[in-house]
file query.txt (compact mmCIF, C-alpha atoms)
# COMPACT_ATOMS: atom_id res chain seq x y z
CA MET A 1273 10.55 -0.98 11.77
CA ILE A 1274 9.11 2.31 10.52
CA GLU A 1275 9.53 5.40 12.67
CA LEU A 1276 8.21 8.89 11.98
CA ARG A 1277 9.61 11.75 14.02
CA ASN A 1278 7.89 15.15 13.92
CA VAL A 1279 6.86 14.68 10.30
CA SER A 1280 5.06 17.69 8.83
CA LYS A 1281 3.78 18.31 5.32
CA ILE A 1282 2.44 21.67 4.14
CA TYR A 1283 1.06 22.05 0.63
CA LYS A 1284 1.51 25.15 -1.50
CA ASN A 1285 -2.00 26.33 -0.65
CA GLY A 1286 -0.97 26.46 3.01
CA VAL A 1287 -2.86 23.34 4.08
CA HIS A 1288 -1.10 21.47 6.90
CA ALA A 1289 -1.69 17.91 5.69
CA LEU A 1290 0.51 16.45 8.43
CA ASP A 1291 1.33 18.27 11.65
CA HIS A 1292 4.28 16.92 13.68
CA VAL A 1293 3.35 13.25 13.35
CA ASN A 1294 5.22 10.81 15.61
CA LEU A 1295 4.68 7.14 14.99
CA THR A 1296 6.42 3.76 15.38
CA ILE A 1297 5.26 0.75 13.37
CA GLN A 1298 6.73 -2.66 14.13
CA ASP A 1299 7.60 -5.29 11.53
CA ALA A 1300 4.65 -7.37 10.27
CA GLU A 1301 2.09 -4.98 11.79
CA PHE A 1302 -1.28 -4.50 10.06
CA VAL A 1303 -2.18 -0.84 10.54
CA ALA A 1304 -5.53 0.63 9.46
CA ILE A 1305 -5.46 4.41 9.03
CA ILE A 1306 -8.84 6.07 9.49
CA GLY A 1307 -10.25 9.59 9.64
CA LEU A 1308 -12.31 12.10 7.72
CA SER A 1309 -11.46 13.08 4.15
CA GLY A 1310 -8.62 15.60 4.29
CA ALA A 1311 -7.29 14.25 7.58
CA GLY A 1312 -3.91 13.44 6.00
CA LYS A 1313 -4.30 9.70 5.40
CA SER A 1314 -3.17 9.64 1.76
CA THR A 1315 -0.43 12.19 2.41
CA LEU A 1316 0.97 10.01 5.18
CA LEU A 1317 1.20 6.98 2.89
CA ARG A 1318 2.74 9.02 0.08
CA CYS A 1319 5.35 10.39 2.46
CA LEU A 1320 6.40 6.89 3.49
CA ASN A 1321 7.94 6.27 0.07
CA LEU A 1322 8.59 9.97 -0.65
CA LEU A 1323 6.03 10.34 -3.42
CA ASN A 1324 5.40 13.42 -1.26
CA LYS A 1325 8.42 14.82 0.56
CA PRO A 1326 7.74 16.12 4.07
CA LYS A 1327 8.57 19.71 4.89
CA SER A 1328 10.30 18.61 8.09
CA GLY A 1329 10.96 15.62 10.31
CA GLU A 1330 12.42 12.15 9.82
CA ILE A 1331 11.12 8.94 8.28
CA ASN A 1332 13.30 6.09 9.48
CA ILE A 1333 13.00 2.68 7.87
CA ALA A 1334 15.27 -0.06 9.19
CA GLY A 1335 17.10 2.62 11.15
CA GLU A 1336 17.86 4.96 8.23
CA ASN A 1337 16.26 8.34 7.52
CA ILE A 1338 15.07 7.93 3.93
CA ILE A 1339 14.46 11.67 3.54
CA ASN A 1340 18.23 12.07 3.21
CA PHE A 1341 18.62 9.31 0.61
CA ASN A 1342 20.06 10.14 -2.81
CA LYS A 1343 18.21 8.98 -5.92
CA LYS A 1344 20.06 5.66 -6.09
CA LYS A 1345 19.34 4.68 -2.46
CA LEU A 1346 15.75 5.90 -2.72
CA LYS A 1347 15.21 3.74 -5.80
CA LEU A 1348 16.46 0.70 -3.89
CA ILE A 1349 14.28 1.30 -0.82
CA ARG A 1350 11.20 1.90 -2.98
CA ARG A 1351 11.56 -1.61 -4.40
CA LYS A 1352 10.78 -2.89 -0.91
CA ILE A 1353 7.79 -0.54 -0.44
CA ALA A 1354 4.88 -1.51 -2.68
CA PHE A 1355 2.08 1.03 -3.21
CA ILE A 1356 -1.46 0.03 -4.20
CA PHE A 1357 -3.66 2.83 -5.48
CA GLN A 1358 -7.43 3.22 -5.36
CA ASP A 1359 -7.71 3.22 -9.17
CA TYR A 1360 -5.92 -0.15 -9.61
CA ASN A 1361 -3.16 1.25 -11.89
CA VAL A 1362 -3.61 -1.69 -14.28
CA LEU A 1363 -3.02 -1.36 -18.03
CA ASP A 1364 -6.07 -2.72 -19.86
CA ASN A 1365 -4.35 -3.84 -23.06
CA LEU A 1366 -1.76 -6.02 -21.34
CA TYR A 1367 -2.34 -9.61 -20.42
CA THR A 1368 -3.00 -9.98 -16.70
CA VAL A 1369 0.33 -11.72 -16.08
CA GLU A 1370 2.17 -8.95 -17.96
CA ASN A 1371 0.66 -6.35 -15.64
CA VAL A 1372 1.94 -8.37 -12.71
CA LEU A 1373 5.45 -8.55 -14.17
CA THR A 1374 5.90 -4.82 -14.89
CA PRO A 1375 8.12 -4.36 -11.77
CA TYR A 1376 10.61 -6.71 -13.46
CA LEU A 1377 11.20 -4.15 -16.22
CA VAL A 1378 13.37 -1.90 -14.04
CA ASN A 1379 16.01 -4.63 -13.81
CA LYS A 1380 16.11 -5.50 -17.51
CA SER A 1381 18.82 -4.45 -19.93
CA ALA A 1382 17.97 -2.84 -23.26
CA LEU A 1383 18.25 -6.26 -24.90
CA GLY A 1384 16.07 -7.80 -22.20
CA LEU A 1385 13.39 -5.19 -22.80
CA LEU A 1386 13.53 -5.98 -26.52
CA LEU A 1387 13.22 -9.73 -25.98
CA GLY A 1388 10.38 -9.45 -23.46
CA TYR A 1389 9.63 -11.73 -20.53
CA THR A 1390 11.21 -15.17 -20.25
CA LYS A 1391 9.33 -18.40 -19.66
CA LYS A 1392 10.67 -18.45 -16.09
CA GLU A 1393 9.31 -14.94 -15.49
CA TYR A 1394 5.88 -15.87 -16.84
CA ILE A 1395 5.80 -18.85 -14.46
CA GLU A 1396 6.71 -16.54 -11.57
CA GLY A 1397 3.99 -14.10 -12.63
CA VAL A 1398 1.37 -16.85 -12.62
CA GLY A 1399 2.63 -17.78 -9.15
CA TYR A 1400 1.92 -14.27 -7.88
CA LEU A 1401 -1.55 -14.41 -9.43
CA LYS A 1402 -2.14 -17.73 -7.68
CA GLN A 1403 -1.55 -16.02 -4.35
CA VAL A 1404 -4.52 -13.74 -5.06
CA GLY A 1405 -6.68 -16.43 -6.67
CA LEU A 1406 -6.37 -15.25 -10.27
CA GLU A 1407 -4.03 -17.74 -11.92
CA GLU A 1408 -6.76 -18.79 -14.38
CA GLU A 1409 -6.94 -15.21 -15.68
CA ALA A 1410 -3.19 -14.97 -16.38
CA PHE A 1411 -3.47 -14.78 -20.17
CA LYS A 1412 -6.69 -12.80 -20.39
CA LYS A 1413 -6.49 -9.13 -21.40
CA SER A 1414 -6.87 -7.03 -18.26
CA LYS A 1415 -9.64 -4.93 -19.80
CA TYR A 1416 -11.97 -7.92 -19.40
CA LEU A 1417 -11.44 -8.13 -15.63
CA SER A 1418 -13.86 -6.79 -13.02
CA GLY A 1419 -12.91 -4.00 -10.63
CA GLY A 1420 -12.28 -6.47 -7.83
CA GLN A 1421 -10.12 -8.64 -10.07
CA LYS A 1422 -8.09 -5.61 -11.19
CA GLN A 1423 -7.44 -4.71 -7.57
CA ARG A 1424 -6.17 -8.25 -6.96
CA VAL A 1425 -3.92 -7.88 -10.02
CA ALA A 1426 -2.55 -4.72 -8.43
CA ILE A 1427 -1.78 -6.71 -5.27
CA ALA A 1428 -0.08 -9.45 -7.30
CA LYS A 1429 2.00 -6.78 -9.06
CA ALA A 1430 3.00 -5.43 -5.67
CA LEU A 1431 4.09 -8.93 -4.63
CA ALA A 1432 6.34 -9.10 -7.69
CA GLN A 1433 8.43 -6.38 -6.01
CA ASN A 1434 9.05 -8.79 -3.11
CA PRO A 1435 8.14 -6.00 -0.67
CA THR A 1436 8.59 -5.86 3.08
CA ILE A 1437 6.09 -2.97 3.35
CA LEU A 1438 2.75 -2.70 1.56
CA LEU A 1439 0.94 0.65 1.39
CA ALA A 1440 -2.68 0.69 0.19
CA ASP A 1441 -4.61 3.91 -0.38
CA GLU A 1442 -8.38 3.31 -0.15
CA PRO A 1443 -8.10 0.03 -2.11
CA VAL A 1444 -11.70 -1.11 -1.44
CA SER A 1445 -13.64 2.15 -1.52
CA SER A 1446 -15.14 1.48 -4.95
CA LEU A 1447 -15.78 -2.25 -4.51
CA ASP A 1448 -18.89 -4.17 -3.50
CA GLU A 1449 -19.08 -6.17 -0.26
CA LYS A 1450 -18.00 -9.47 -1.82
CA ASN A 1451 -14.91 -8.03 -3.50
CA THR A 1452 -14.09 -5.94 -0.44
CA THR A 1453 -13.97 -9.12 1.63
CA LEU A 1454 -11.78 -10.86 -0.98
CA ILE A 1455 -9.30 -7.97 -1.07
CA MET A 1456 -9.14 -7.51 2.70
CA ASP A 1457 -8.73 -11.27 3.22
CA THR A 1458 -5.83 -11.17 0.74
CA PHE A 1459 -4.12 -8.33 2.62
CA LYS A 1460 -4.54 -10.21 5.89
CA LYS A 1461 -3.13 -13.41 4.40
CA LEU A 1462 -0.06 -11.60 3.05
CA ASN A 1463 0.45 -9.95 6.42
CA GLU A 1464 0.18 -13.17 8.42
CA GLU A 1465 1.80 -15.67 6.05
CA ASN A 1466 4.41 -13.51 4.29
CA GLY A 1467 5.19 -11.24 7.24
CA ILE A 1468 4.58 -8.10 5.16
CA THR A 1469 3.95 -4.88 7.09
CA VAL A 1470 0.62 -3.48 5.84
CA LEU A 1471 -0.58 0.11 6.14
CA ILE A 1472 -4.01 0.68 4.63
CA ASN A 1473 -6.28 3.72 4.44
CA LEU A 1474 -9.91 2.87 5.12
CA HIS A 1475 -13.20 4.73 5.42
CA ASP A 1476 -14.98 1.78 7.01
CA VAL A 1477 -14.32 1.57 10.76
CA ASN A 1478 -15.75 -1.96 10.91
CA LEU A 1479 -13.18 -3.16 8.38
CA ALA A 1480 -10.43 -1.48 10.39
CA LYS A 1481 -11.54 -3.24 13.58
CA LYS A 1482 -11.93 -6.62 11.87
CA TYR A 1483 -8.65 -6.85 9.97
CA SER A 1484 -6.01 -4.65 11.58
CA THR A 1485 -3.76 -5.23 14.55
CA LYS A 1486 -3.54 -1.49 15.19
CA ILE A 1487 -5.64 1.52 14.25
CA LEU A 1488 -4.24 4.97 13.59
CA GLY A 1489 -6.77 7.79 13.91
CA LEU A 1490 -5.78 10.96 12.04
CA LYS A 1491 -7.59 14.26 12.51
CA ASP A 1492 -6.53 17.53 10.86
CA GLY A 1493 -3.10 16.08 10.14
CA LYS A 1494 -2.47 15.04 13.75
CA VAL A 1495 -2.44 11.65 15.45
CA LEU A 1496 -5.55 11.47 17.63
CA PHE A 1497 -4.86 7.89 18.70
CA TYR A 1498 -2.69 4.93 17.73
CA LYS A 1499 -3.32 1.71 19.60
CA ASP A 1500 -4.27 -1.95 19.40
CA SER A 1501 -7.47 -2.26 17.39
CA ALA A 1502 -9.40 -3.90 20.19
CA MET A 1503 -8.50 -1.08 22.58
CA VAL A 1504 -10.00 1.81 20.57
CA THR A 1505 -13.15 3.01 22.29
CA GLU A 1506 -16.42 4.20 20.77
CA ASP A 1507 -15.75 7.61 22.32
CA GLU A 1508 -12.47 7.83 20.42
CA PHE A 1509 -14.15 6.91 17.15
CA GLU A 1510 -16.83 9.52 17.83
CA GLU A 1511 -14.21 12.20 18.55
CA LEU A 1512 -12.35 11.28 15.36
CA TYR A 1513 -15.39 11.76 13.14
CA ASN A 1514 -17.02 14.63 15.03

call {"tool": "encode", "arguments": {"input": "query.txt", "output": "structure tokens"}}
result
Amino acid sequence: MIELRNVSKIYKNGVHALDHVNLTIQDAEFVAIIGLSGAGKSTLLRCLNLLNKPKSGEINIAGENIINFNKKKLKLIRRKIAFIFQDYNVLDNLYTVENVLTPYLVNKSALGLLLGYTKKEYIEGVGYLKQVGLEEEAFKKSKYLSGGQKQRVAIAKALAQNPTILLADEPVSSLDEKNTTLIMDTFKKLNEENGITVLINLHDVNLAKKYSTKILGLKDGKVLFYKDSAMVTEDEFEELYN
């Protein structure tokens, strides 16, 4: 379970990106976060793994306030929180499977880094690619992949962390309708079949309603509503974007 208690984040320019946010997210929930640009959506995700540290409040994951974690404990918890960025974060000159396996590098010794990936690791990497429908592209240089394929590589790389929580910051905003559907279907499959808790920032309300179990509406850094997706009214959507 993820629990935020009075979480606030103020940037150096004085902008209140988050303003006393209180939120409880159950295990294996699929939460779509929506709102206008500047509402605090990206900041909220970045606070959940302390890429941005809140000014005040608590972020409790599995009953522990991660804001108080030392570097060692924070490193461990981050391995269970995968983050997927809008710009794919894929290295073009690596083979697709090597991009997927980059999370393995943190556990390798100096000798292991020198020797590279093992046959067993390559097989595991192809397995992660299979989950996103890209196993046939495993040994193709990533620079030859389309935008939608690169985003699926980013998801496969996240799976290589064996995460319990998956954070995705506008992962489909630059994709066409076909690739958007492929990516969102993949997130939904991972949520339902792997039991991964998914939090995803979206601009498209229709996508939020179709795929999520809950919708979080953020406005000016505050929670306007947080409820089952089917229960959000048109009036609430209108207030959020007004």

call {"tool": "closest_residue", "arguments": {"input": "query.txt", "among": "A:Asn1332, A:Ser1381, A:Asn1365, A:Ser1309", "to": "Arg1277 (chain A)", "atoms": "all atoms listed in the file"}}
result
A:Asn1332

call {"tool": "atom_distance", "arguments": {"input": "query.txt", "atom1": "CA of Lys1344 (chain A)", "atom2": "CA of Cys1319 (chain A)"}}
result
17.7 Å

call {"tool": "atom_distance", "arguments": {"input": "query.txt", "atom1": "CA of Glu1409 (chain A)", "atom2": "CA of Asp1364 (chain A)"}}
result
13.2 Å

call {"tool": "closest_residue", "arguments": {"input": "query.txt", "among": "A:Arg1318, A:Arg1351, A:Lys1327, A:Lys1422", "to": "Val1372 (chain A)", "atoms": "all atoms listed in the file"}}
result
A:Lys1422

call {"tool": "atom_distance", "arguments": {"input": "query.txt", "atom1": "CA of Ile1333 (chain A)", "atom2": "CA of Ile1274 (chain A)"}}
result
4.7 Å

call {"tool": "axis_aligned_box", "arguments": {"input": "query.txt", "around": "region 1331-1335 of chain A", "padding_each_side": "3 Å", "output": "AutoDock Vina command-line options"}}
result
--center_x 14.1 --center_y 4.4 --center_z 9.5 --size_x 12.0 --size_y 15.0 --size_z 9.3

call {"tool": "residues_around", "arguments": {"input": "query.txt", "residues": "Ile1339 (chain A)", "least_positions_apart": "3", "cutoff": "10 Å", "atoms": "only C-alpha atoms", "output": "list in words"}}
result
Cys1319, Leu1320, Asn1321, Leu1322, Lys1325, Pro1326, Ser1328, Gly1329, Glu1330, Ile1331, Asn1332, Glu1336, Asn1342 and Leu1346 of chain A

call {"tool": "write_last_selection", "arguments": {"input": "query.txt", "atoms": "C-alpha atoms", "output": "PDB file, in the coordinates of the input"}}
result
ATOM      1  CA  CYS A1319       5.350  10.390   2.460  1.00  0.00           C
ATOM      2  CA  LEU A1320       6.400   6.890   3.490  1.00  0.00           C
ATOM      3  CA  ASN A1321       7.940   6.270   0.070  1.00  0.00           C
ATOM      4  CA  LEU A1322       8.590   9.970  -0.650  1.00  0.00           C
ATOM      5  CA  LYS A1325       8.420  14.820   0.560  1.00  0.00           C
ATOM      6  CA  PRO A1326       7.740  16.120   4.070  1.00  0.00           C
ATOM      7  CA  SER A1328      10.300  18.610   8.090  1.00  0.00           C
ATOM      8  CA  GLY A1329      10.960  15.620  10.310  1.00  0.00           C
ATOM      9  CA  GLU A1330      12.420  12.150   9.820  1.00  0.00           C
ATOM     10  CA  ILE A1331      11.120   8.940   8.280  1.00  0.00           C
ATOM     11  CA  ASN A1332      13.300   6.090   9.480  1.00  0.00           C
ATOM     12  CA  GLU A1336      17.860   4.960   8.230  1.00  0.00           C
ATOM     13  CA  ASN A1342      20.060  10.140  -2.810  1.00  0.00           C
ATOM     14  CA  LEU A1346      15.750   5.900  -2.720  1.00  0.00           C
TER      15      LEU A1346
END

call {"tool": "closest_residue", "arguments": {"input": "query.txt", "among": "A:Leu1471, A:Ser1484, A:Met1273, A:Gly1493", "to": "Gln1298 (chain A)", "atoms": "all atoms listed in the file"}}
result
A:Met1273

call {"tool": "closest_residue", "arguments": {"input": "query.txt", "among": "A:Phe1355, A:Leu1383, A:Met1456, A:Tyr1389", "to": "Val1404 (chain A)", "atoms": "all atoms listed in the file"}}
result
A:Met1456

call {"tool": "closest_atom_pairs", "arguments": {"input": "query.txt", "of": "region 1283-1356 of chain A", "to": "region 1427-1444 of chain A", "cutoff": "12 Å", "atoms": "only C-alpha atoms", "output": "JSON lines"}}
result
{"residue": "A:Ile1297", "atom": "CA", "partner": "A:Ile1437", "partner_atom": "CA", "distance": 10.7}
{"residue": "A:Gln1298", "atom": "CA", "partner": "A:Ile1437", "partner_atom": "CA", "distance": 10.8}
{"residue": "A:Asp1299", "atom": "CA", "partner": "A:Thr1436", "partner_atom": "CA", "distance": 8.5}
{"residue": "A:Ala1300", "atom": "CA", "partner": "A:Ile1437", "partner_atom": "CA", "distance": 8.3}
{"residue": "A:Glu1301", "atom": "CA", "partner": "A:Ile1437", "partner_atom": "CA", "distance": 9.6}
{"residue": "A:Phe1302", "atom": "CA", "partner": "A:Leu1438", "partner_atom": "CA", "distance": 9.6}
{"residue": "A:Val1303", "atom": "CA", "partner": "A:Leu1439", "partner_atom": "CA", "distance": 9.8}
{"residue": "A:Ala1304", "atom": "CA", "partner": "A:Ala1440", "partner_atom": "CA", "distance": 9.7}
{"residue": "A:Ile1305", "atom": "CA", "partner": "A:Asp1441", "partner_atom": "CA", "distance": 9.5}
{"residue": "A:Ile1306", "atom": "CA", "partner": "A:Glu1442", "partner_atom": "CA", "distance": 10.0}
{"residue": "A:Gly1307", "atom": "CA", "partner": "A:Glu1442", "partner_atom": "CA", "distance": 11.8}
{"residue": "A:Ser1309", "atom": "CA", "partner": "A:Glu1442", "partner_atom": "CA", "distance": 11.1}
{"residue": "A:Gly1312", "atom": "CA", "partner": "A:Asp1441", "partner_atom": "CA", "distance": 11.5}
{"residue": "A:Lys1313", "atom": "CA", "partner": "A:Asp1441", "partner_atom": "CA", "distance": 8.2}
{"residue": "A:Ser1314", "atom": "CA", "partner": "A:Asp1441", "partner_atom": "CA", "distance": 6.3}
{"residue": "A:Thr1315", "atom": "CA", "partner": "A:Asp1441", "partner_atom": "CA", "distance": 9.7}
{"residue": "A:Leu1316", "atom": "CA", "partner": "A:Asp1441", "partner_atom": "CA", "distance": 10.0}
{"residue": "A:Leu1317", "atom": "CA", "partner": "A:Leu1439", "partner_atom": "CA", "distance": 6.5}
{"residue": "A:Arg1318", "atom": "CA", "partner": "A:Leu1439", "partner_atom": "CA", "distance": 8.7}
{"residue": "A:Cys1319", "atom": "CA", "partner": "A:Leu1439", "partner_atom": "CA", "distance": 10.7}
{"residue": "A:Leu1320", "atom": "CA", "partner": "A:Leu1439", "partner_atom": "CA", "distance": 8.6}
{"residue": "A:Asn1321", "atom": "CA", "partner": "A:Leu1439", "partner_atom": "CA", "distance": 9.1}
{"residue": "A:Leu1323", "atom": "CA", "partner": "A:Leu1439", "partner_atom": "CA", "distance": 12.0}
{"residue": "A:Ile1333", "atom": "CA", "partner": "A:Ile1437", "partner_atom": "CA", "distance": 10.0}
{"residue": "A:Ala1334", "atom": "CA", "partner": "A:Thr1436", "partner_atom": "CA", "distance": 10.8}
{"residue": "A:Leu1348", "atom": "CA", "partner": "A:Gln1433", "partner_atom": "CA", "distance": 10.9}
{"residue": "A:Ile1349", "atom": "CA", "partner": "A:Pro1435", "partner_atom": "CA", "distance": 9.5}
{"residue": "A:Arg1350", "atom": "CA", "partner": "A:Pro1435", "partner_atom": "CA", "distance": 8.8}
{"residue": "A:Arg1351", "atom": "CA", "partner": "A:Gln1433", "partner_atom": "CA", "distance": 5.9}
{"residue": "A:Lys1352", "atom": "CA", "partner": "A:Pro1435", "partner_atom": "CA", "distance": 4.1}
{"residue": "A:Ile1353", "atom": "CA", "partner": "A:Ile1437", "partner_atom": "CA", "distance": 4.8}
{"residue": "A:Ala1354", "atom": "CA", "partner": "A:Leu1438", "partner_atom": "CA", "distance": 4.9}
{"residue": "A:Phe1355", "atom": "CA", "partner": "A:Leu1439", "partner_atom": "CA", "distance": 4.8}
{"residue": "A:Ile1356", "atom": "CA", "partner": "A:Ala1440", "partner_atom": "CA", "distance": 4.6}

call {"tool": "residues_near_point", "arguments": {"input": "query.txt", "point": "(1.5, -19.2, -11.3)", "cutoff": "12 Å", "atoms": "all atoms listed in the file", "output": "list in words"}}
result
Thr1368, Val1369, Val1372, Leu1373, Lys1391, Lys1392, Glu1393, Tyr1394, Ile1395, Glu1396, Gly1397, Val1398, Gly1399, Tyr1400, Leu1401, Lys1402, Gln1403, Val1404, Gly1405, Leu1406, Glu1407, Glu1408, Glu1409, Ala1410, Phe1411, Ala1428 and Ala1432 of chain A

call {"tool": "closest_residue", "arguments": {"input": "query.txt", "among": "A:Ser1446, A:Asn1451, A:Thr1296, A:Gln1358", "to": "Lys1486 (chain A)", "atoms": "only C-alpha atoms"}}
result
A:Thr1296

call {"tool": "residues_around", "arguments": {"input": "query.txt", "residues": "Lys1499 (chain A)", "least_positions_apart": "4", "cutoff": "7 Å", "atoms": "all atoms listed in the file", "output": "list in words"}}
result
Lys1486, Ile1487, Leu1488, Met1503 and Val1504 of chain A

call {"tool": "decode", "arguments": {"input": "query.txt", "residues": "region 1457-1478 of chain A", "atoms": "N, CA, C and O atoms", "output": "PDB file, in the first residue's frame"}}
result
ATOM      1  N   ASP A1457      -2.721  -1.240 -23.305  1.00  0.00           N
ATOM      2  CA  ASP A1457      -3.079  -2.652 -23.116  1.00  0.00           C
ATOM      3  C   ASP A1457      -1.986  -3.384 -22.344  1.00  0.00           C
ATOM      4  O   ASP A1457      -2.277  -4.256 -21.505  1.00  0.00           O
ATOM      5  N   THR A1458      -0.731  -3.037 -22.620  1.00  0.00           N
ATOM      6  CA  THR A1458       0.394  -3.671 -21.916  1.00  0.00           C
ATOM      7  C   THR A1458       0.376  -3.312 -20.438  1.00  0.00           C
ATOM      8  O   THR A1458       0.546  -4.187 -19.569  1.00  0.00           O
ATOM      9  N   PHE A1459       0.160  -2.038 -20.126  1.00  0.00           N
ATOM     10  CA  PHE A1459       0.067  -1.627 -18.721  1.00  0.00           C
ATOM     11  C   PHE A1459      -1.057  -2.382 -18.011  1.00  0.00           C
ATOM     12  O   PHE A1459      -0.896  -2.853 -16.883  1.00  0.00           O
ATOM     13  N   LYS A1460      -2.197  -2.484 -18.675  1.00  0.00           N
ATOM     14  CA  LYS A1460      -3.349  -3.154 -18.068  1.00  0.00           C
ATOM     15  C   LYS A1460      -3.062  -4.633 -17.831  1.00  0.00           C
ATOM     16  O   LYS A1460      -3.421  -5.195 -16.785  1.00  0.00           O
ATOM     17  N   LYS A1461      -2.399  -5.268 -18.776  1.00  0.00           N
ATOM     18  CA  LYS A1461      -2.038  -6.677 -18.634  1.00  0.00           C
ATOM     19  C   LYS A1461      -1.098  -6.883 -17.456  1.00  0.00           C
ATOM     20  O   LYS A1461      -1.276  -7.806 -16.650  1.00  0.00           O
ATOM     21  N   LEU A1462      -0.094  -6.032 -17.328  1.00  0.00           N
ATOM     22  CA  LEU A1462       0.859  -6.142 -16.216  1.00  0.00           C
ATOM     23  C   LEU A1462       0.165  -5.919 -14.877  1.00  0.00           C
ATOM     24  O   LEU A1462       0.483  -6.562 -13.876  1.00  0.00           O
ATOM     25  N   ASN A1463      -0.786  -5.004 -14.871  1.00  0.00           N
ATOM     26  CA  ASN A1463      -1.546  -4.733 -13.653  1.00  0.00           C
ATOM     27  C   ASN A1463      -2.398  -5.935 -13.253  1.00  0.00           C
ATOM     28  O   ASN A1463      -2.393  -6.370 -12.096  1.00  0.00           O
ATOM     29  N   GLU A1464      -3.104  -6.510 -14.211  1.00  0.00           N
ATOM     30  CA  GLU A1464      -4.038  -7.592 -13.908  1.00  0.00           C
ATOM     31  C   GLU A1464      -3.352  -8.944 -13.725  1.00  0.00           C
ATOM     32  O   GLU A1464      -3.722  -9.720 -12.839  1.00  0.00           O
ATOM     33  N   GLU A1465      -2.353  -9.234 -14.554  1.00  0.00           N
ATOM     34  CA  GLU A1465      -1.726 -10.553 -14.520  1.00  0.00           C
ATOM     35  C   GLU A1465      -0.534 -10.627 -13.570  1.00  0.00           C
ATOM     36  O   GLU A1465      -0.283 -11.682 -12.974  1.00  0.00           O
ATOM     37  N   ASN A1466       0.212  -9.544 -13.439  1.00  0.00           N
ATOM     38  CA  ASN A1466       1.390  -9.542 -12.563  1.00  0.00           C
ATOM     39  C   ASN A1466       1.107  -8.910 -11.203  1.00  0.00           C
ATOM     40  O   ASN A1466       1.953  -8.955 -10.317  1.00  0.00           O
ATOM     41  N   GLY A1467      -0.070  -8.280 -11.058  1.00  0.00           N
ATOM     42  CA  GLY A1467      -0.404  -7.659  -9.781  1.00  0.00           C
ATOM     43  C   GLY A1467       0.407  -6.422  -9.468  1.00  0.00           C
ATOM     44  O   GLY A1467       0.570  -6.044  -8.304  1.00  0.00           O
ATOM     45  N   ILE A1468       0.937  -5.753 -10.511  1.00  0.00           N
ATOM     46  CA  ILE A1468       1.751  -4.553 -10.309  1.00  0.00           C
ATOM     47  C   ILE A1468       0.841  -3.342 -10.108  1.00  0.00           C
ATOM     48  O   ILE A1468      -0.118  -3.143 -10.857  1.00  0.00           O
ATOM     49  N   THR A1469       1.128  -2.549  -9.102  1.00  0.00           N
ATOM     50  CA  THR A1469       0.409  -1.296  -8.880  1.00  0.00           C
ATOM     51  C   THR A1469       0.880  -0.280  -9.918  1.00  0.00           C
ATOM     52  O   THR A1469       2.074  -0.015 -10.035  1.00  0.00           O
ATOM     53  N   VAL A1470      -0.048   0.282 -10.679  1.00  0.00           N
ATOM     54  CA  VAL A1470       0.293   1.209 -11.766  1.00  0.00           C
ATOM     55  C   VAL A1470      -0.258   2.589 -11.460  1.00  0.00           C
ATOM     56  O   VAL A1470      -1.438   2.747 -11.141  1.00  0.00           O
ATOM     57  N   LEU A1471       0.615   3.600 -11.542  1.00  0.00           N
ATOM     58  CA  LEU A1471       0.197   4.996 -11.483  1.00  0.00           C
ATOM     59  C   LEU A1471       0.680   5.661 -12.759  1.00  0.00           C
ATOM     60  O   LEU A1471       1.881   5.643 -13.058  1.00  0.00           O
ATOM     61  N   ILE A1472      -0.244   6.240 -13.517  1.00  0.00           N
ATOM     62  CA  ILE A1472       0.098   6.755 -14.836  1.00  0.00           C
ATOM     63  C   ILE A1472      -0.510   8.134 -15.048  1.00  0.00           C
ATOM     64  O   ILE A1472      -1.695   8.352 -14.798  1.00  0.00           O
ATOM     65  N   ASN A1473       0.322   9.074 -15.488  1.00  0.00           N
ATOM     66  CA  ASN A1473      -0.149  10.407 -15.831  1.00  0.00           C
ATOM     67  C   ASN A1473      -0.698  10.403 -17.255  1.00  0.00           C
ATOM     68  O   ASN A1473      -0.031   9.924 -18.182  1.00  0.00           O
ATOM     69  N   LEU A1474      -1.893  10.949 -17.424  1.00  0.00           N
ATOM     70  CA  LEU A1474      -2.520  10.966 -18.740  1.00  0.00           C
ATOM     71  C   LEU A1474      -3.155  12.330 -19.006  1.00  0.00           C
ATOM     72  O   LEU A1474      -3.652  12.978 -18.088  1.00  0.00           O
ATOM     73  N   HIS A1475      -3.149  12.731 -20.283  1.00  0.00           N
ATOM     74  CA  HIS A1475      -3.886  13.916 -20.701  1.00  0.00           C
ATOM     75  C   HIS A1475      -5.278  13.543 -21.216  1.00  0.00           C
ATOM     76  O   HIS A1475      -6.185  14.366 -21.205  1.00  0.00           O
ATOM     77  N   ASP A1476      -5.408  12.303 -21.659  1.00  0.00           N
ATOM     78  CA  ASP A1476      -6.641  11.856 -22.301  1.00  0.00           C
ATOM     79  C   ASP A1476      -7.596  11.261 -21.264  1.00  0.00           C
ATOM     80  O   ASP A1476      -7.349  10.179 -20.716  1.00  0.00           O
ATOM     81  N   VAL A1477      -8.676  11.950 -20.996  1.00  0.00           N
ATOM     82  CA  VAL A1477      -9.664  11.492 -20.017  1.00  0.00           C
ATOM     83  C   VAL A1477     -10.283  10.168 -20.437  1.00  0.00           C
ATOM     84  O   VAL A1477     -10.550   9.297 -19.597  1.00  0.00           O
ATOM     85  N   ASN A1478     -10.502   9.983 -21.734  1.00  0.00           N
ATOM     86  CA  ASN A1478     -11.113   8.735 -22.213  1.00  0.00           C
ATOM     87  C   ASN A1478     -10.222   7.531 -21.925  1.00  0.00           C
ATOM     88  O   ASN A1478     -10.722   6.450 -21.576  1.00  0.00           O
TER      89      ASN A1478
END
